[in-house]
>>> print(open('target-v8.cif').read())   # mmCIF, C-alpha atoms
data_coords
#
loop_
_atom_site.label_atom_id
_atom_site.label_comp_id
_atom_site.auth_asym_id
_atom_site.auth_seq_id
_atom_site.Cartn_x
_atom_site.Cartn_y
_atom_site.Cartn_z
CA MET A 1 55.99 51.67 123.56
CA ILE A 2 54.19 49.60 120.92
CA PRO A 3 56.54 47.65 118.60
CA LEU A 4 56.32 48.68 114.95
CA SER A 5 56.20 46.46 111.91
CA SER A 6 59.50 45.67 110.23
CA ALA A 7 57.83 46.64 106.94
CA LEU A 8 57.70 50.22 108.16
CA GLY A 9 61.48 50.29 108.22
CA ARG A 10 61.55 49.70 104.47
CA ILE A 11 59.84 52.98 103.63
CA LYS A 12 60.01 56.67 104.47
CA PRO A 13 57.43 59.49 104.55
CA SER A 14 56.73 61.19 101.23
CA PRO A 15 59.32 63.97 100.77
CA THR A 16 56.95 66.08 98.67
CA ILE A 17 54.26 66.00 101.35
CA ALA A 18 56.85 66.75 104.06
CA ILE A 19 58.28 69.77 102.23
CA THR A 20 54.81 71.12 101.45
CA ALA A 21 53.87 70.79 105.12
CA GLN A 22 57.07 72.59 106.16
CA ALA A 23 56.31 75.45 103.78
CA ARG A 24 52.77 75.76 105.18
CA ALA A 25 54.11 75.84 108.73
CA LEU A 26 56.62 78.59 107.90
CA LYS A 27 53.89 80.59 106.18
CA ALA A 28 51.69 80.24 109.26
CA GLU A 29 54.54 81.69 111.30
CA GLY A 30 54.44 84.80 109.15
CA ARG A 31 57.31 84.00 106.76
CA ASP A 32 57.00 85.20 103.16
CA ILE A 33 56.97 81.76 101.53
CA ILE A 34 56.31 80.78 97.93
CA SER A 35 55.70 77.03 97.83
CA LEU A 36 56.28 75.32 94.50
CA SER A 37 56.47 71.83 95.98
CA ALA A 38 52.90 70.52 95.71
CA GLY A 39 51.84 68.66 92.59
CA GLU A 40 48.29 69.86 92.09
CA PRO A 41 46.52 72.31 89.78
CA ASP A 42 45.77 75.68 91.35
CA PHE A 43 42.42 75.98 89.53
CA ASP A 44 39.00 75.25 91.00
CA THR A 45 37.21 72.06 89.99
CA PRO A 46 34.97 72.95 87.01
CA ARG A 47 31.46 74.07 87.90
CA ASN A 48 29.64 71.26 86.07
CA ILE A 49 31.56 68.68 88.12
CA ARG A 50 30.80 70.44 91.40
CA ASP A 51 27.14 70.68 90.43
CA ALA A 52 27.06 66.94 89.68
CA ALA A 53 28.40 66.25 93.18
CA VAL A 54 25.70 68.42 94.77
CA ALA A 55 23.04 66.69 92.70
CA ALA A 56 24.36 63.29 93.85
CA ILE A 57 24.06 64.39 97.48
CA GLU A 58 20.51 65.61 96.89
CA ARG A 59 19.62 62.23 95.29
CA GLY A 60 20.91 60.45 98.38
CA GLU A 61 23.95 58.85 96.74
CA THR A 62 25.65 58.81 100.14
CA ARG A 63 25.98 55.12 100.95
CA TYR A 64 28.66 52.48 100.47
CA THR A 65 29.28 51.41 96.92
CA SER A 66 30.74 48.14 95.67
CA PRO A 67 34.51 48.02 96.22
CA GLU A 68 35.29 48.23 92.50
CA GLY A 69 33.19 51.39 92.08
CA ILE A 70 29.71 52.26 90.84
CA VAL A 71 28.88 50.73 87.49
CA GLU A 72 28.00 54.16 86.05
CA LEU A 73 31.56 55.36 86.63
CA ARG A 74 33.15 52.17 85.35
CA GLN A 75 31.06 52.50 82.19
CA ALA A 76 32.19 56.14 81.82
CA ILE A 77 35.81 55.03 82.24
CA ALA A 78 35.34 52.35 79.59
CA ARG A 79 33.98 55.02 77.22
CA LYS A 80 36.95 57.27 78.01
CA PHE A 81 39.47 54.49 77.28
CA ALA A 82 37.76 53.71 73.96
CA ARG A 83 37.29 57.35 72.92
CA GLU A 84 40.70 58.72 73.85
CA ASN A 85 43.05 55.75 73.85
CA GLY A 86 41.56 53.19 71.49
CA LEU A 87 41.47 50.62 74.31
CA THR A 88 38.53 48.28 74.88
CA TYR A 89 37.77 47.42 78.49
CA ALA A 90 34.54 45.96 79.84
CA PRO A 91 33.25 47.42 83.12
CA ASP A 92 34.39 44.28 84.98
CA GLN A 93 37.94 45.00 83.78
CA ILE A 94 37.90 48.39 85.51
CA MET A 95 38.17 49.40 89.14
CA VAL A 96 37.98 52.72 90.98
CA SER A 97 40.15 53.61 93.97
CA THR A 98 40.80 56.44 96.39
CA GLY A 99 43.25 58.17 94.07
CA GLY A 100 45.76 56.83 91.59
CA LYS A 101 48.18 56.00 94.41
CA GLN A 102 45.80 53.39 95.81
CA VAL A 103 45.40 51.82 92.37
CA LEU A 104 49.16 51.30 92.16
CA PHE A 105 49.36 50.09 95.76
CA ASN A 106 46.54 47.58 95.23
CA ALA A 107 48.24 46.19 92.11
CA LEU A 108 51.63 45.77 93.79
CA MET A 109 50.15 44.20 96.93
CA ALA A 110 48.13 41.79 94.79
CA THR A 111 51.03 40.64 92.60
CA LEU A 112 54.40 40.85 94.38
CA ASP A 113 56.15 38.25 96.47
CA ALA A 114 59.44 38.67 98.32
CA GLY A 115 62.28 39.30 95.88
CA ASP A 116 60.11 40.08 92.86
CA GLU A 117 61.66 42.94 90.90
CA VAL A 118 59.97 46.09 89.58
CA ILE A 119 61.77 48.26 87.03
CA ILE A 120 61.40 51.98 87.71
CA PRO A 121 63.03 54.62 85.47
CA ALA A 122 64.57 57.51 87.41
CA PRO A 123 63.70 60.28 87.99
CA TYR A 124 60.54 58.69 89.37
CA TRP A 125 57.51 59.75 91.38
CA VAL A 126 58.61 59.48 95.01
CA SER A 127 56.05 56.81 95.97
CA TYR A 128 56.89 54.13 93.39
CA PRO A 129 59.92 52.54 95.10
CA ASP A 130 58.43 52.71 98.59
CA MET A 131 55.21 51.04 97.50
CA VAL A 132 57.24 48.25 95.90
CA LEU A 133 59.28 47.84 99.10
CA LEU A 134 56.18 47.80 101.28
CA ALA A 135 54.73 45.03 99.11
CA GLY A 136 57.92 43.00 99.60
CA GLY A 137 59.36 43.60 96.16
CA ALA A 138 62.71 44.99 95.04
CA PRO A 139 62.84 48.25 93.05
CA VAL A 140 65.29 48.15 90.13
CA ILE A 141 66.14 51.76 89.34
CA VAL A 142 67.17 52.67 85.79
CA PRO A 143 68.74 56.17 85.64
CA ALA A 144 67.60 58.34 82.72
CA GLY A 145 69.36 61.67 83.07
CA ILE A 146 69.33 65.03 81.41
CA ASP A 147 71.54 63.81 78.53
CA SER A 148 68.76 61.43 77.42
CA ASN A 149 66.03 64.01 78.05
CA PHE A 150 65.01 61.94 81.09
CA ARG A 151 63.88 59.01 78.91
CA MET A 152 64.87 55.39 79.46
CA SER A 153 66.18 53.68 76.33
CA ALA A 154 65.17 50.28 75.00
CA ALA A 155 68.72 49.05 75.66
CA GLN A 156 68.49 50.12 79.31
CA LEU A 157 65.15 48.34 79.68
CA GLU A 158 66.52 45.17 78.13
CA ALA A 159 69.52 45.21 80.46
CA ALA A 160 67.34 45.66 83.55
CA ILE A 161 65.05 42.67 82.90
CA THR A 162 65.81 39.47 84.81
CA PRO A 163 63.82 36.27 85.45
CA LYS A 164 62.60 37.95 88.67
CA THR A 165 61.14 41.00 86.91
CA ARG A 166 57.38 41.30 87.43
CA TRP A 167 56.55 44.88 86.44
CA LEU A 168 57.77 47.94 84.62
CA ILE A 169 56.25 51.09 86.14
CA PHE A 170 55.98 53.66 83.37
CA ASN A 171 54.96 57.33 83.65
CA SER A 172 54.60 59.69 80.67
CA PRO A 173 54.42 62.67 80.82
CA SER A 174 56.54 62.27 83.88
CA ASN A 175 56.42 63.50 87.42
CA PRO A 176 58.96 65.03 88.18
CA THR A 177 60.47 65.94 84.79
CA GLY A 178 57.52 66.47 82.45
CA ALA A 179 59.35 64.32 79.89
CA GLY A 180 57.09 62.47 77.48
CA TYR A 181 57.73 59.37 75.39
CA SER A 182 56.77 59.72 71.72
CA GLU A 183 55.08 56.91 69.84
CA SER A 184 58.43 55.83 68.37
CA ASP A 185 60.03 55.93 71.85
CA LEU A 186 57.23 53.73 73.15
CA LYS A 187 57.46 51.30 70.23
CA ALA A 188 61.14 50.69 71.00
CA LEU A 189 60.26 49.91 74.63
CA THR A 190 57.23 47.77 73.82
CA ASP A 191 59.29 45.72 71.33
CA VAL A 192 61.52 44.78 74.26
CA LEU A 193 58.54 43.93 76.46
CA VAL A 194 56.92 41.73 73.81
CA ALA A 195 60.06 39.59 73.89
CA HIS A 196 59.74 39.09 77.69
CA PRO A 197 56.24 37.72 78.33
CA HIS A 198 56.77 37.42 82.10
CA VAL A 199 57.07 41.22 82.47
CA TRP A 200 53.89 43.24 83.04
CA VAL A 201 53.45 46.97 82.44
CA MET A 202 51.94 49.39 84.97
CA THR A 203 51.43 52.63 83.08
CA ASP A 204 50.71 55.77 85.09
CA ASP A 205 48.88 58.08 82.66
CA MET A 206 47.82 60.69 85.22
CA TYR A 207 49.22 63.61 83.17
CA GLU A 208 47.75 62.43 79.86
CA HIS A 209 45.81 65.62 79.21
CA ILE A 210 48.54 68.06 80.24
CA ALA A 211 50.66 67.72 77.11
CA TYR A 212 52.15 70.42 74.90
CA PRO A 213 52.53 70.38 71.10
CA PRO A 214 54.31 68.90 69.27
CA PHE A 215 54.21 66.10 71.86
CA GLU A 216 51.24 63.75 71.45
CA PHE A 217 50.30 61.39 74.27
CA ARG A 218 50.20 57.65 73.71
CA THR A 219 49.85 54.81 76.21
CA PRO A 220 51.78 51.52 75.81
CA ALA A 221 48.85 49.17 75.12
CA GLN A 222 47.65 51.62 72.47
CA VAL A 223 51.03 51.46 70.71
CA GLU A 224 51.43 47.69 71.10
CA PRO A 225 48.11 45.80 71.37
CA ARG A 226 49.99 42.55 72.05
CA LEU A 227 50.70 43.92 75.54
CA MET A 228 47.03 44.50 76.34
CA ASP A 229 46.67 41.28 78.34
CA ARG A 230 49.57 42.18 80.65
CA THR A 231 49.10 45.92 81.01
CA LEU A 232 47.44 47.81 83.84
CA THR A 233 46.42 51.21 82.45
CA VAL A 234 46.19 53.63 85.37
CA ASN A 235 44.65 57.10 85.28
CA GLY A 236 42.47 59.42 87.32
CA VAL A 237 40.66 62.74 87.43
CA SER A 238 43.02 64.57 89.83
CA LYS A 239 45.26 66.44 87.40
CA ALA A 240 43.16 66.77 84.25
CA TYR A 241 40.07 68.12 86.05
CA ALA A 242 41.63 69.82 89.11
CA MET A 243 40.10 67.19 91.41
CA THR A 244 43.05 66.30 93.64
CA GLY A 245 41.02 66.42 96.85
CA TRP A 246 38.19 64.31 95.44
CA ARG A 247 40.52 61.26 95.44
CA ILE A 248 39.44 59.25 92.41
CA GLY A 249 41.86 57.06 90.49
CA TYR A 250 41.03 54.18 88.22
CA ALA A 251 42.55 51.40 86.15
CA GLY A 252 41.75 49.04 83.32
CA GLY A 253 43.36 45.63 83.09
CA PRO A 254 42.86 41.88 82.79
CA THR A 255 39.87 40.64 84.74
CA ARG A 256 41.87 38.35 87.05
CA LEU A 257 44.17 41.20 88.07
CA ILE A 258 41.29 43.65 88.60
CA ARG A 259 39.50 41.11 90.80
CA ALA A 260 42.66 40.59 92.88
CA MET A 261 43.09 44.34 93.29
CA THR A 262 39.44 44.66 94.29
CA THR A 263 39.96 42.00 96.96
CA ILE A 264 42.85 44.01 98.42
CA GLN A 265 40.73 47.17 98.39
CA SER A 266 37.75 45.42 99.94
CA GLN A 267 39.87 44.79 103.03
CA SER A 268 41.35 48.30 103.20
CA THR A 269 39.29 51.32 102.16
CA SER A 270 36.33 49.34 100.74
CA ASN A 271 35.23 51.93 98.18
CA ALA A 272 36.08 55.41 96.99
CA CYS A 273 33.79 58.23 98.15
CA SER A 274 30.36 57.81 96.56
CA ILE A 275 29.92 61.55 95.89
CA SER A 276 33.36 61.79 94.29
CA GLN A 277 32.50 58.85 92.03
CA TRP A 278 29.39 60.61 90.70
CA ALA A 279 31.42 63.79 90.19
CA ALA A 280 33.94 61.75 88.19
CA VAL A 281 31.17 60.46 85.92
CA GLU A 282 30.43 64.06 84.97
CA ALA A 283 34.15 64.82 84.58
CA LEU A 284 34.61 62.01 82.05
CA ASP A 285 31.27 62.26 80.24
CA GLY A 286 30.63 66.01 80.47
CA PRO A 287 32.10 68.97 78.57
CA GLN A 288 35.86 68.77 78.11
CA ASP A 289 36.62 72.41 77.26
CA TYR A 290 38.21 73.01 80.68
CA ILE A 291 41.15 70.81 79.70
CA ALA A 292 42.22 73.01 76.78
CA THR A 293 41.85 76.15 78.87
CA SER A 294 43.96 74.87 81.77
CA CYS A 295 46.53 73.33 79.46
CA ALA A 296 47.02 76.68 77.71
CA ALA A 297 47.67 78.31 81.09
CA PHE A 298 50.18 75.62 82.04
CA LEU A 299 51.97 76.01 78.70
CA ARG A 300 52.33 79.75 79.26
CA ARG A 301 53.68 79.13 82.75
CA ARG A 302 56.07 76.44 81.51
CA ASP A 303 57.64 78.80 79.02
CA LEU A 304 57.90 81.55 81.64
CA VAL A 305 59.62 79.32 84.18
CA VAL A 306 61.99 77.62 81.73
CA GLY A 307 63.14 80.98 80.39
CA LEU A 308 63.68 82.51 83.81
CA LEU A 309 65.47 79.50 85.29
CA ASN A 310 67.82 79.14 82.34
CA ALA A 311 68.89 82.75 82.99
CA CYS A 312 70.01 81.79 86.53
CA PRO A 313 73.75 81.13 86.90
CA GLY A 314 74.54 77.43 87.36
CA ILE A 315 71.08 76.15 86.38
CA GLU A 316 70.16 74.16 83.26
CA CYS A 317 66.42 73.68 82.77
CA PRO A 318 65.15 71.41 79.95
CA THR A 319 61.76 72.16 78.38
CA PRO A 320 59.13 69.58 79.45
CA ASP A 321 56.70 67.86 77.08
CA GLY A 322 53.84 67.82 79.56
CA ALA A 323 52.67 67.77 83.21
CA PHE A 324 53.32 70.93 85.24
CA TYR A 325 56.84 70.39 86.51
CA VAL A 326 60.37 71.38 85.57
CA TYR A 327 63.41 69.46 86.78
CA PRO A 328 66.43 71.73 86.45
CA SER A 329 70.01 70.57 86.94
CA ILE A 330 72.16 72.42 89.48
CA ALA A 331 75.39 70.63 88.56
CA GLY A 332 76.95 74.07 88.06
CA LEU A 333 76.26 75.02 91.68
CA ILE A 334 77.52 71.93 93.51
CA GLY A 335 80.57 72.80 95.59
CA LYS A 336 79.73 76.48 95.94
CA SER A 337 78.95 78.14 99.27
CA THR A 338 76.37 80.55 100.64
CA PRO A 339 77.42 83.96 102.00
CA SER A 340 77.36 82.41 105.52
CA GLY A 341 79.81 79.72 104.43
CA THR A 342 77.43 76.76 104.06
CA ARG A 343 78.63 74.49 101.25
CA ILE A 344 76.13 73.28 98.65
CA GLY A 345 77.18 69.65 98.44
CA THR A 346 73.84 68.13 97.35
CA ASP A 347 70.53 69.18 95.88
CA ALA A 348 69.04 68.70 99.37
CA ASP A 349 71.47 71.37 100.62
CA PHE A 350 70.37 73.64 97.77
CA ALA A 351 66.66 73.24 98.55
CA ARG A 352 67.19 73.76 102.30
CA GLU A 353 69.32 76.88 101.90
CA LEU A 354 67.02 78.31 99.22
CA LEU A 355 64.04 78.00 101.58
CA ALA A 356 65.98 79.58 104.44
CA ALA A 357 67.44 82.45 102.42
CA GLU A 358 64.66 83.31 99.96
CA GLY A 359 61.50 81.58 101.18
CA VAL A 360 61.04 79.43 98.07
CA ALA A 361 60.05 75.78 98.69
CA VAL A 362 61.13 73.27 96.04
CA VAL A 363 61.69 69.50 96.19
CA PHE A 364 65.28 68.26 96.01
CA GLY A 365 66.16 65.84 93.24
CA GLY A 366 67.37 63.06 95.52
CA ALA A 367 63.73 62.45 96.48
CA PHE A 368 63.09 61.42 92.87
CA GLY A 369 66.16 59.25 92.49
CA LEU A 370 68.31 61.50 90.30
CA SER A 371 70.63 64.30 91.40
CA PRO A 372 71.74 67.07 91.36
CA ASN A 373 68.38 68.56 90.43
CA PHE A 374 65.28 70.07 91.97
CA ARG A 375 61.60 70.00 91.04
CA ILE A 376 59.36 73.00 90.68
CA SER A 377 55.62 72.72 90.22
CA TYR A 378 54.47 75.60 88.03
CA ALA A 379 50.84 75.04 89.01
CA ALA A 380 50.90 78.52 90.57
CA SER A 381 50.08 82.06 89.50
CA ASP A 382 52.28 83.80 86.93
CA GLU A 383 53.11 86.41 89.55
CA ASP A 384 54.26 83.86 92.13
CA LEU A 385 56.29 82.00 89.53
CA ALA A 386 58.04 85.16 88.33
CA GLU A 387 58.82 86.21 91.90
CA ALA A 388 60.02 82.73 92.88
CA CYS A 389 62.34 82.51 89.88
CA ALA A 390 63.72 85.99 90.68
CA ARG A 391 64.47 84.79 94.22
CA ILE A 392 66.11 81.61 92.90
CA GLY A 393 68.25 83.71 90.58
CA ARG A 394 69.27 85.98 93.46
CA PHE A 395 70.17 82.95 95.57
CA CYS A 396 72.28 81.44 92.78
CA GLU A 397 74.10 84.75 92.29
CA SER A 398 74.93 84.84 96.01
CA LEU A 399 76.81 81.54 95.86
CA ALA A 400 80.58 81.59 95.49
#
>>> encode(input="target-v8.cif", output="structure tokens")
Amino acid sequence: MIPLSSALGRIKPSPTIAITAQARALKAEGRDIISLSAGEPDFDTPRNIRDAAVAAIERGETRYTSPEGIVELRQAIARKFARENGLTYAPDQIMVSTGGKQVLFNALMATLDAGDEVIIPAPYWVSYPDMVLLAGGAPVIVPAGIDSNFRMSAAQLEAAITPKTRWLIFNSPSNPTGAGYSESDLKALTDVLVAHPHVWVMTDDMYEHIAYPPFEFRTPAQVEPRLMDRTLTVNGVSKAYAMTGWRIGYAGGPTRLIRAMTTIQSQSTSNACSISQWAAVEALDGPQDYIATSCAAFLRRRDLVVGLLNACPGIECPTPDGAFYVYPSIAGLIGKSTPSGTRIGTDADFARELLAAEGVAVVFGGAFGLSPNFRISYAASDEDLAEACARIGRFCESLA
């Protein structure tokens, strides 16, 4: 048996991917399963973007590109940053990767040494801590629970910073909660960061365009320009344009950091798919009306799910500011038992028993670093969401 790297022991498989795979397997066996575990839009990629990909194939754009991405896409990204965020990046301050996850991974691998600390507010996207661990760093988790609307305070950030802190990883609107930081929320945090010049900011803006009034999206370097030289602004086309399978993420940052990240990528995946890159040019430069249409659908679904879940006994479901997730608390159900006598001691127990009893797949809160909760993705049809919530309600009513 081949020996495995000790680094592998520091991480675990993605819980969201594992639960989604389990739901697919049960469905293939003939079970009536509604899976609300995957974080991806259920809409097709817009036609103009698909047409741009076909045109790129017909032009023969099928060869390797430079590791940092084709210049046409980096120019389109620079225009997007200027147009939508008021941020000025030159093309050589931008790189393109195989999804946003690789952007984050490249940055952490390029900047962390053993013992370097990375501040991560919880609940967090499941991959943040494991990527830090794989790069040899130490995640510093800052809990931000339901009482604070899942937002880390400036005082919490200040208390978490040490001489070993290298990064703050920041995600708004958030996966898994949908919580968004207002401009005033961000200003309080950036004031703290300005006072600690050794701390860099990695801002995951993947859900920028899925935001619901009155919330208005802002990114940290936009709110505090003094942080521009130590901010990596990360985004992608996956969520805003229903392009999850195309695998295009990107980032803007200081030239030295972008070059270091490009070096890492040049020895791993080399470049993102050439066809996907040309499709992303059209996504960023082409018509943007799809975003408003999809966002309106997500808003309708959000309100449906929040209302139905809050009617379930033992569940408290805050209203998200953006993204397409809810993160309800099940504190009122902990300690209860199923009709067969199984005790619900954790949110993992809740998710497992819910899947077994009612065929609804959700992700338990422990995967995101804050319990007792669970995450639902409402990137599904209204009919599936209504039926899933009815099943969740029936399951909650069965507990005693």
>>> resolve_selection(input="target-v8.cif", expression="the PyMOL selection byres ((chain A and resi 344-352) around 10)", output="JSON, numbers by chain")
{"A": [19, 329, 330, 331, 333, 334, 335, 336, 337, 338, 341, 342, 343, 353, 354, 355, 356, 357, 359, 360, 361, 362, 363, 364, 365, 366, 367, 370, 371, 372, 373, 374, 375, 395, 396, 399, 400]}
>>> closest_residue(input="target-v8.cif", among="A:Asp321, A:Glu282, A:Asp303, A:Asp191", to="Ile210 in chain A", atoms="all atoms listed in the file")
A:Asp321
>>> resolve_selection(input="target-v8.cif", expression="the PyMOL selection byres ((chain A and resi 217) around 12)", output="JSON list (two decimals) with C-alpha atoms, in the frame of the given file")
[["chain", "number", "residue", "atom", "x", "y", "z"],
["A", 84, "GLU", "CA", 40.70, 58.72, 73.85],
["A", 85, "ASN", "CA", 43.05, 55.75, 73.85],
["A", 171, "ASN", "CA", 54.96, 57.33, 83.65],
["A", 172, "SER", "CA", 54.60, 59.69, 80.67],
["A", 173, "PRO", "CA", 54.42, 62.67, 80.82],
["A", 174, "SER", "CA", 56.54, 62.27, 83.88],
["A", 179, "ALA", "CA", 59.35, 64.32, 79.89],
["A", 180, "GLY", "CA", 57.09, 62.47, 77.48],
["A", 181, "TYR", "CA", 57.73, 59.37, 75.39],
["A", 182, "SER", "CA", 56.77, 59.72, 71.72],
["A", 183, "GLU", "CA", 55.08, 56.91, 69.84],
["A", 184, "SER", "CA", 58.43, 55.83, 68.37],
["A", 185, "ASP", "CA", 60.03, 55.93, 71.85],
["A", 186, "LEU", "CA", 57.23, 53.73, 73.15],
["A", 205, "ASP", "CA", 48.88, 58.08, 82.66],
["A", 206, "MET", "CA", 47.82, 60.69, 85.22],
["A", 207, "TYR", "CA", 49.22, 63.61, 83.17],
["A", 208, "GLU", "CA", 47.75, 62.43, 79.86],
["A", 209, "HIS", "CA", 45.81, 65.62, 79.21],
["A", 210, "ILE", "CA", 48.54, 68.06, 80.24],
["A", 211, "ALA", "CA", 50.66, 67.72, 77.11],
["A", 212, "TYR", "CA", 52.15, 70.42, 74.90],
["A", 213, "PRO", "CA", 52.53, 70.38, 71.10],
["A", 214, "PRO", "CA", 54.31, 68.90, 69.27],
["A", 215, "PHE", "CA", 54.21, 66.10, 71.86],
["A", 216, "GLU", "CA", 51.24, 63.75, 71.45],
["A", 218, "ARG", "CA", 50.20, 57.65, 73.71],
["A", 219, "THR", "CA", 49.85, 54.81, 76.21],
["A", 220, "PRO", "CA", 51.78, 51.52, 75.81],
["A", 222, "GLN", "CA", 47.65, 51.62, 72.47],
["A", 223, "VAL", "CA", 51.03, 51.46, 70.71],
["A", 321, "ASP", "CA", 56.70, 67.86, 77.08],
["A", 322, "GLY", "CA", 53.84, 67.82, 79.56],
["A", 323, "ALA", "CA", 52.67, 67.77, 83.21]]
>>> atom_distance(input="target-v8.cif", atom1="CA of Gln156 in chain A", atom2="CA of Pro318 in chain A")
21.6 Å
>>> resolve_selection(input="target-v8.cif", expression="the PyMOL selection byres ((chain A and resi 294) around 9)", output="PyMOL selection string")
chain A and resi 41+43+210+240-241+289-293+295-299
>>> write_last_selection(input="target-v8.cif", atoms="C-alpha atoms", output="JSON list (two decimals), keeping the file's coordinate frame")
[["chain", "number", "residue", "atom", "x", "y", "z"],
["A", 41, "PRO", "CA", 46.52, 72.31, 89.78],
["A", 43, "PHE", "CA", 42.42, 75.98, 89.53],
["A", 210, "ILE", "CA", 48.54, 68.06, 80.24],
["A", 240, "ALA", "CA", 43.16, 66.77, 84.25],
["A", 241, "TYR", "CA", 40.07, 68.12, 86.05],
["A", 289, "ASP", "CA", 36.62, 72.41, 77.26],
["A", 290, "TYR", "CA", 38.21, 73.01, 80.68],
["A", 291, "ILE", "CA", 41.15, 70.81, 79.70],
["A", 292, "ALA", "CA", 42.22, 73.01, 76.78],
["A", 293, "THR", "CA", 41.85, 76.15, 78.87],
["A", 295, "CYS", "CA", 46.53, 73.33, 79.46],
["A", 296, "ALA", "CA", 47.02, 76.68, 77.71],
["A", 297, "ALA", "CA", 47.67, 78.31, 81.09],
["A", 298, "PHE", "CA", 50.18, 75.62, 82.04],
["A", 299, "LEU", "CA", 51.97, 76.01, 78.70]]
>>> atom_distance(input="target-v8.cif", atom1="CA of Ala138 in chain A", atom2="CA of Thr231 in chain A")
19.6 Å
>>> atom_distance(input="target-v8.cif", atom1="CA of Pro46 in chain A", atom2="CA of Gln75 in chain A")
21.4 Å
>>> residues_near_point(input="target-v8.cif", point="(56.4, 50.1, 87.1)", cutoff="7 Å", atoms="all atoms listed in the file", output="ChimeraX atom specification")
/A:118-120,167-170,201-203
>>> residues_around(input="target-v8.cif", residues="Cys389 in chain A", least_positions_apart="3", cutoff="12 Å", atoms="only C-alpha atoms", output="number ranges by chain")
A: 34-36, 301, 304-313, 315, 354, 358-362, 376-378, 382-386, 392-396
>>> closest_residue(input="target-v8.cif", among="A:Ala114, A:Asp285, A:Ile258, A:His198", to="Arg83 in chain A", atoms="all atoms listed in the file")
A:Asp285
>>> closest_residue(input="target-v8.cif", among="A:Val140, A:Ala155, A:Ala56, A:Val326", to="Arg302 in chain A", atoms="only C-alpha atoms")
A:Val326
>>> residues_around(input="target-v8.cif", residues="range 260-263 of chain A", least_positions_apart="3", cutoff="10 Å", atoms="only C-alpha atoms", output="number ranges by chain")
A: 66-69, 94-97, 102-111, 255-257, 266-268, 270-271
>>> residues_around(input="target-v8.cif", residues="Pro163 in chain A", least_positions_apart="3", cutoff="9 Å", atoms="all atoms listed in the file", output="list of chain:residue names")
A:Glu117, A:Arg166, A:His198, A:Val199
>>> closest_residue(input="target-v8.cif", among="A:Ala154, A:Ala160, A:Val54, A:Leu8", to="Thr190 in chain A", atoms="only C-alpha atoms")
A:Ala154
>>> decode(input="target-v8.cif", residues="range 45-56 of chain A", atoms="N, CA and C atoms", output="PDB file, in the first residue's frame")
ATOM      1  N   THR A  45     -26.976  28.129 -18.567  1.00  0.00           N
ATOM      2  CA  THR A  45     -26.112  29.249 -18.939  1.00  0.00           C
ATOM      3  C   THR A  45     -26.792  30.048 -20.047  1.00  0.00           C
ATOM      4  N   PRO A  46     -26.806  31.380 -19.955  1.00  0.00           N
ATOM      5  CA  PRO A  46     -27.473  32.185 -20.983  1.00  0.00           C
ATOM      6  C   PRO A  46     -26.989  31.867 -22.396  1.00  0.00           C
ATOM      7  N   ARG A  47     -27.913  31.991 -23.334  1.00  0.00           N
ATOM      8  CA  ARG A  47     -27.662  31.614 -24.723  1.00  0.00           C
ATOM      9  C   ARG A  47     -26.477  32.361 -25.327  1.00  0.00           C
ATOM     10  N   ASN A  48     -26.355  33.663 -25.082  1.00  0.00           N
ATOM     11  CA  ASN A  48     -25.264  34.419 -25.702  1.00  0.00           C
ATOM     12  C   ASN A  48     -23.904  33.906 -25.258  1.00  0.00           C
ATOM     13  N   ILE A  49     -23.815  33.417 -24.023  1.00  0.00           N
ATOM     14  CA  ILE A  49     -22.553  32.881 -23.517  1.00  0.00           C
ATOM     15  C   ILE A  49     -22.253  31.536 -24.168  1.00  0.00           C
ATOM     16  N   ARG A  50     -23.271  30.704 -24.306  1.00  0.00           N
ATOM     17  CA  ARG A  50     -23.079  29.411 -24.976  1.00  0.00           C
ATOM     18  C   ARG A  50     -22.680  29.621 -26.438  1.00  0.00           C
ATOM     19  N   ASP A  51     -23.321  30.592 -27.081  1.00  0.00           N
ATOM     20  CA  ASP A  51     -22.985  30.869 -28.480  1.00  0.00           C
ATOM     21  C   ASP A  51     -21.537  31.341 -28.619  1.00  0.00           C
ATOM     22  N   ALA A  52     -21.075  32.137 -27.649  1.00  0.00           N
ATOM     23  CA  ALA A  52     -19.684  32.619 -27.690  1.00  0.00           C
ATOM     24  C   ALA A  52     -18.703  31.458 -27.558  1.00  0.00           C
ATOM     25  N   ALA A  53     -19.074  30.455 -26.758  1.00  0.00           N
ATOM     26  CA  ALA A  53     -18.210  29.278 -26.612  1.00  0.00           C
ATOM     27  C   ALA A  53     -18.136  28.504 -27.928  1.00  0.00           C
ATOM     28  N   VAL A  54     -19.274  28.318 -28.588  1.00  0.00           N
ATOM     29  CA  VAL A  54     -19.301  27.614 -29.868  1.00  0.00           C
ATOM     30  C   VAL A  54     -18.465  28.369 -30.899  1.00  0.00           C
ATOM     31  N   ALA A  55     -18.622  29.690 -30.915  1.00  0.00           N
ATOM     32  CA  ALA A  55     -17.853  30.493 -31.868  1.00  0.00           C
ATOM     33  C   ALA A  55     -16.354  30.362 -31.614  1.00  0.00           C
ATOM     34  N   ALA A  56     -15.962  30.285 -30.324  1.00  0.00           N
ATOM     35  CA  ALA A  56     -14.542  30.122 -29.997  1.00  0.00           C
ATOM     36  C   ALA A  56     -14.018  28.786 -30.508  1.00  0.00           C
TER      37      ALA A  56
END
